[in-house]
>>> print(open('coords.cif').read())   # mmCIF, C-alpha atoms, pLDDT in the B column; chains and numbers go by the auth columns
data_model
loop_
_atom_site.group_PDB
_atom_site.id
_atom_site.type_symbol
_atom_site.label_atom_id
_atom_site.label_comp_id
_atom_site.label_asym_id
_atom_site.label_seq_id
_atom_site.Cartn_x
_atom_site.Cartn_y
_atom_site.Cartn_z
_atom_site.B_iso_or_equiv
_atom_site.auth_seq_id
_atom_site.auth_asym_id
ATOM 1 C CA THR A 1 -47.833 -16.877 1.343 88.00 1 A
ATOM 2 C CA TRP A 2 -46.187 -15.451 4.424 86.00 2 A
ATOM 3 C CA THR A 3 -46.329 -16.907 7.894 81.00 3 A
ATOM 4 C CA PRO A 4 -45.466 -14.817 10.962 81.00 4 A
ATOM 5 C CA VAL A 5 -42.752 -16.204 13.225 78.00 5 A
ATOM 6 C CA THR A 6 -41.586 -15.164 16.654 77.00 6 A
ATOM 7 C CA THR A 7 -38.504 -13.003 17.049 77.00 7 A
ATOM 8 C CA PRO A 8 -36.081 -12.739 19.943 79.00 8 A
ATOM 9 C CA SER A 9 -37.243 -10.153 22.471 71.00 9 A
ATOM 10 C CA GLN A 10 -33.872 -8.358 22.614 64.00 10 A
ATOM 11 C CA LEU A 11 -33.922 -7.193 18.987 68.00 11 A
ATOM 12 C CA THR A 12 -33.403 -3.564 18.156 64.00 12 A
ATOM 13 C CA PHE A 13 -33.920 -1.799 14.865 62.00 13 A
ATOM 14 C CA ASN A 14 -30.289 -2.514 13.924 64.00 14 A
ATOM 15 C CA TYR A 15 -29.837 -6.203 13.158 76.00 15 A
ATOM 16 C CA ASP A 16 -28.669 -8.585 10.463 83.00 16 A
ATOM 17 C CA LEU A 17 -30.366 -11.858 9.469 87.00 17 A
ATOM 18 C CA ASN A 18 -28.915 -14.939 7.758 90.00 18 A
ATOM 19 C CA VAL A 19 -30.497 -18.200 6.652 92.00 19 A
ATOM 20 C CA LEU A 20 -28.052 -21.092 6.536 93.00 20 A
ATOM 21 C CA PRO A 21 -28.273 -23.911 3.962 92.00 21 A
ATOM 22 C CA SER A 22 -29.564 -26.199 6.749 92.00 22 A
ATOM 23 C CA GLY A 23 -32.443 -23.794 7.477 92.00 23 A
ATOM 24 C CA VAL A 24 -30.975 -22.452 10.718 94.00 24 A
ATOM 25 C CA LEU A 25 -31.755 -18.741 11.191 93.00 25 A
ATOM 26 C CA LEU A 26 -29.209 -16.390 12.739 92.00 26 A
ATOM 27 C CA ILE A 27 -29.952 -12.828 13.824 89.00 27 A
ATOM 28 C CA PHE A 28 -27.175 -10.535 15.037 85.00 28 A
ATOM 29 C CA SER A 29 -28.229 -7.677 17.323 81.00 29 A
ATOM 30 C CA ASN A 30 -26.658 -5.746 20.215 74.00 30 A
ATOM 31 C CA GLY A 31 -23.570 -7.967 20.416 75.00 31 A
ATOM 32 C CA LYS A 32 -25.662 -11.124 20.642 79.00 32 A
ATOM 33 C CA VAL A 33 -26.299 -13.984 18.278 86.00 33 A
ATOM 34 C CA HIS A 34 -29.895 -15.238 18.216 89.00 34 A
ATOM 35 C CA ARG A 35 -30.329 -18.710 16.720 93.00 35 A
ATOM 36 C CA SER A 36 -33.375 -20.684 15.630 94.00 36 A
ATOM 37 C CA ALA A 37 -33.224 -24.248 14.349 94.00 37 A
ATOM 38 C CA ASN A 38 -37.008 -24.581 13.935 93.00 38 A
ATOM 39 C CA ASN A 39 -38.032 -21.923 11.421 88.00 39 A
ATOM 40 C CA GLY A 40 -38.263 -19.149 14.012 88.00 40 A
ATOM 41 C CA ASN A 41 -40.673 -20.926 16.352 88.00 41 A
ATOM 42 C CA SER A 42 -38.181 -20.571 19.210 90.00 42 A
ATOM 43 C CA TRP A 43 -34.818 -18.881 19.686 91.00 43 A
ATOM 44 C CA ILE A 44 -31.726 -19.264 21.826 91.00 44 A
ATOM 45 C CA THR A 45 -29.496 -16.301 22.532 88.00 45 A
ATOM 46 C CA LEU A 46 -25.755 -16.842 22.518 84.00 46 A
ATOM 47 C CA ASN A 47 -23.677 -14.244 24.325 71.00 47 A
ATOM 48 C CA ILE A 48 -20.546 -14.022 22.224 73.00 48 A
ATOM 49 C CA SER A 49 -18.376 -11.411 23.915 67.00 49 A
ATOM 50 C CA ALA A 50 -16.074 -10.983 20.902 69.00 50 A
ATOM 51 C CA ILE A 51 -18.930 -9.952 18.595 73.00 51 A
ATOM 52 C CA ASN A 52 -19.939 -6.357 19.187 70.00 52 A
ATOM 53 C CA ASP A 53 -21.169 -4.202 16.369 73.00 53 A
ATOM 54 C CA VAL A 54 -22.117 -6.175 13.263 77.00 54 A
ATOM 55 C CA TYR A 55 -21.791 -4.291 9.994 79.00 55 A
ATOM 56 C CA ARG A 56 -22.402 -7.248 7.703 86.00 56 A
ATOM 57 C CA SER A 57 -22.826 -11.002 7.880 88.00 57 A
ATOM 58 C CA VAL A 58 -22.674 -13.520 5.045 91.00 58 A
ATOM 59 C CA VAL A 59 -22.915 -17.273 4.611 94.00 59 A
ATOM 60 C CA ASN A 60 -20.832 -19.151 2.044 93.00 60 A
ATOM 61 C CA SER A 61 -21.929 -22.242 0.126 90.00 61 A
ATOM 62 C CA ALA A 62 -20.427 -24.530 2.807 92.00 62 A
ATOM 63 C CA GLY A 63 -22.638 -22.904 5.458 92.00 63 A
ATOM 64 C CA HIS A 64 -19.788 -21.051 7.150 95.00 64 A
ATOM 65 C CA VAL A 65 -20.918 -17.743 8.640 93.00 65 A
ATOM 66 C CA PHE A 66 -18.692 -14.668 8.471 93.00 66 A
ATOM 67 C CA VAL A 67 -19.485 -11.602 10.567 88.00 67 A
ATOM 68 C CA ALA A 68 -17.743 -8.285 9.960 85.00 68 A
ATOM 69 C CA GLY A 69 -17.662 -5.667 12.654 81.00 69 A
ATOM 70 C CA ASP A 70 -14.669 -4.171 14.370 81.00 70 A
ATOM 71 C CA GLN A 71 -13.192 -7.643 13.755 84.00 71 A
ATOM 72 C CA LEU A 72 -13.952 -10.515 11.364 89.00 72 A
ATOM 73 C CA HIS A 73 -15.504 -13.603 12.986 89.00 73 A
ATOM 74 C CA LEU A 74 -16.198 -17.086 11.613 93.00 74 A
ATOM 75 C CA SER A 75 -18.524 -19.899 12.655 93.00 75 A
ATOM 76 C CA VAL A 76 -18.299 -23.332 11.034 96.00 76 A
ATOM 77 C CA ASP A 77 -20.961 -24.963 13.257 94.00 77 A
ATOM 78 C CA GLU A 78 -24.093 -22.981 12.359 92.00 78 A
ATOM 79 C CA GLY A 79 -23.444 -20.158 14.799 90.00 79 A
ATOM 80 C CA LEU A 80 -22.895 -22.182 17.969 90.00 80 A
ATOM 81 C CA THR A 81 -19.237 -21.194 18.387 89.00 81 A
ATOM 82 C CA TRP A 82 -17.145 -18.381 16.901 89.00 82 A
ATOM 83 C CA GLN A 83 -13.526 -17.587 16.268 91.00 83 A
ATOM 84 C CA THR A 84 -11.912 -14.265 15.459 89.00 84 A
ATOM 85 C CA VAL A 85 -10.114 -14.583 12.134 90.00 85 A
ATOM 86 C CA GLY A 86 -9.001 -11.050 11.403 83.00 86 A
ATOM 87 C CA ARG A 87 -8.985 -7.394 12.173 74.00 87 A
ATOM 88 C CA PRO A 88 -9.034 -4.527 9.697 61.00 88 A
ATOM 89 C CA ASN A 89 -5.836 -2.530 9.367 62.00 89 A
#
>>> encode(input="coords.cif", output="structure tokens")
Amino acid sequence: TWTPVTTPSQLTFNYDLNVLPSGVLLIFSNGKVHRSANNGNSWITLNISAINDVYRSVVNSAGHVFVAGDQLHLSVDEGLTWQTVGRPN
């Protein structure tokens, strides 16, 4: 069965969603990271100035989140903080 959950109000049609091994949900939209640690019942929005357009996001088996846009970004703490790890040539 499906259960509706709330979504962040700032979402546009262009977004990317990841579910981390811990159950944390991350949505990337409009240069913002939206994070829910309670199955989508509530969300916090993190303004990460380095993350602009998101073309793709993936989570590895360790729960590290990689976001590809005009640069490659990495979070090792479930989306709370980010570091830029590369830029395409």
>>> resolve_selection(input="coords.cif", expression="the PyMOL selection byres ((chain A and resi 17-22) around 10)", output="list in words")
Tyr15, Asp16, Gly23, Val24, Leu25, Leu26, Ile27, Phe28, Ser29, Val33, His34, Arg35, Ser36, Ala37, Asn39, Arg56, Ser57, Val58, Val59, Asn60, Ser61, Ala62, Gly63, His64, Val65, Glu78 and Gly79 of chain A
>>> closest_residue(input="coords.cif", among="A:Gly40, A:Val85, A:Phe66, A:Tyr55", to="Pro8 of chain A", atoms="all atoms listed in the file")
A:Gly40
>>> atom_distance(input="coords.cif", atom1="atom CA of Leu80 of chain A", atom2="atom CA of Ile51 of chain A")
12.9 Å
>>> atom_distance(input="coords.cif", atom1="atom CA of Trp82 of chain A", atom2="atom CA of Lys32 of chain A")
11.8 Å
>>> atom_distance(input="coords.cif", atom1="atom CA of Ile44 of chain A", atom2="atom CA of Ala68 of chain A")
21.4 Å
>>> closest_residue(input="coords.cif", among="A:Asn30, A:Gln83, A:Thr7, A:Thr1", to="Asp53 of chain A", atoms="all atoms listed in the file")
A:Asn30
>>> closest_residue(input="coords.cif", among="A:Trp2, A:Ser42, A:Asn47, A:Gly31", to="Gly69 of chain A", atoms="only C-alpha atoms")
A:Gly31
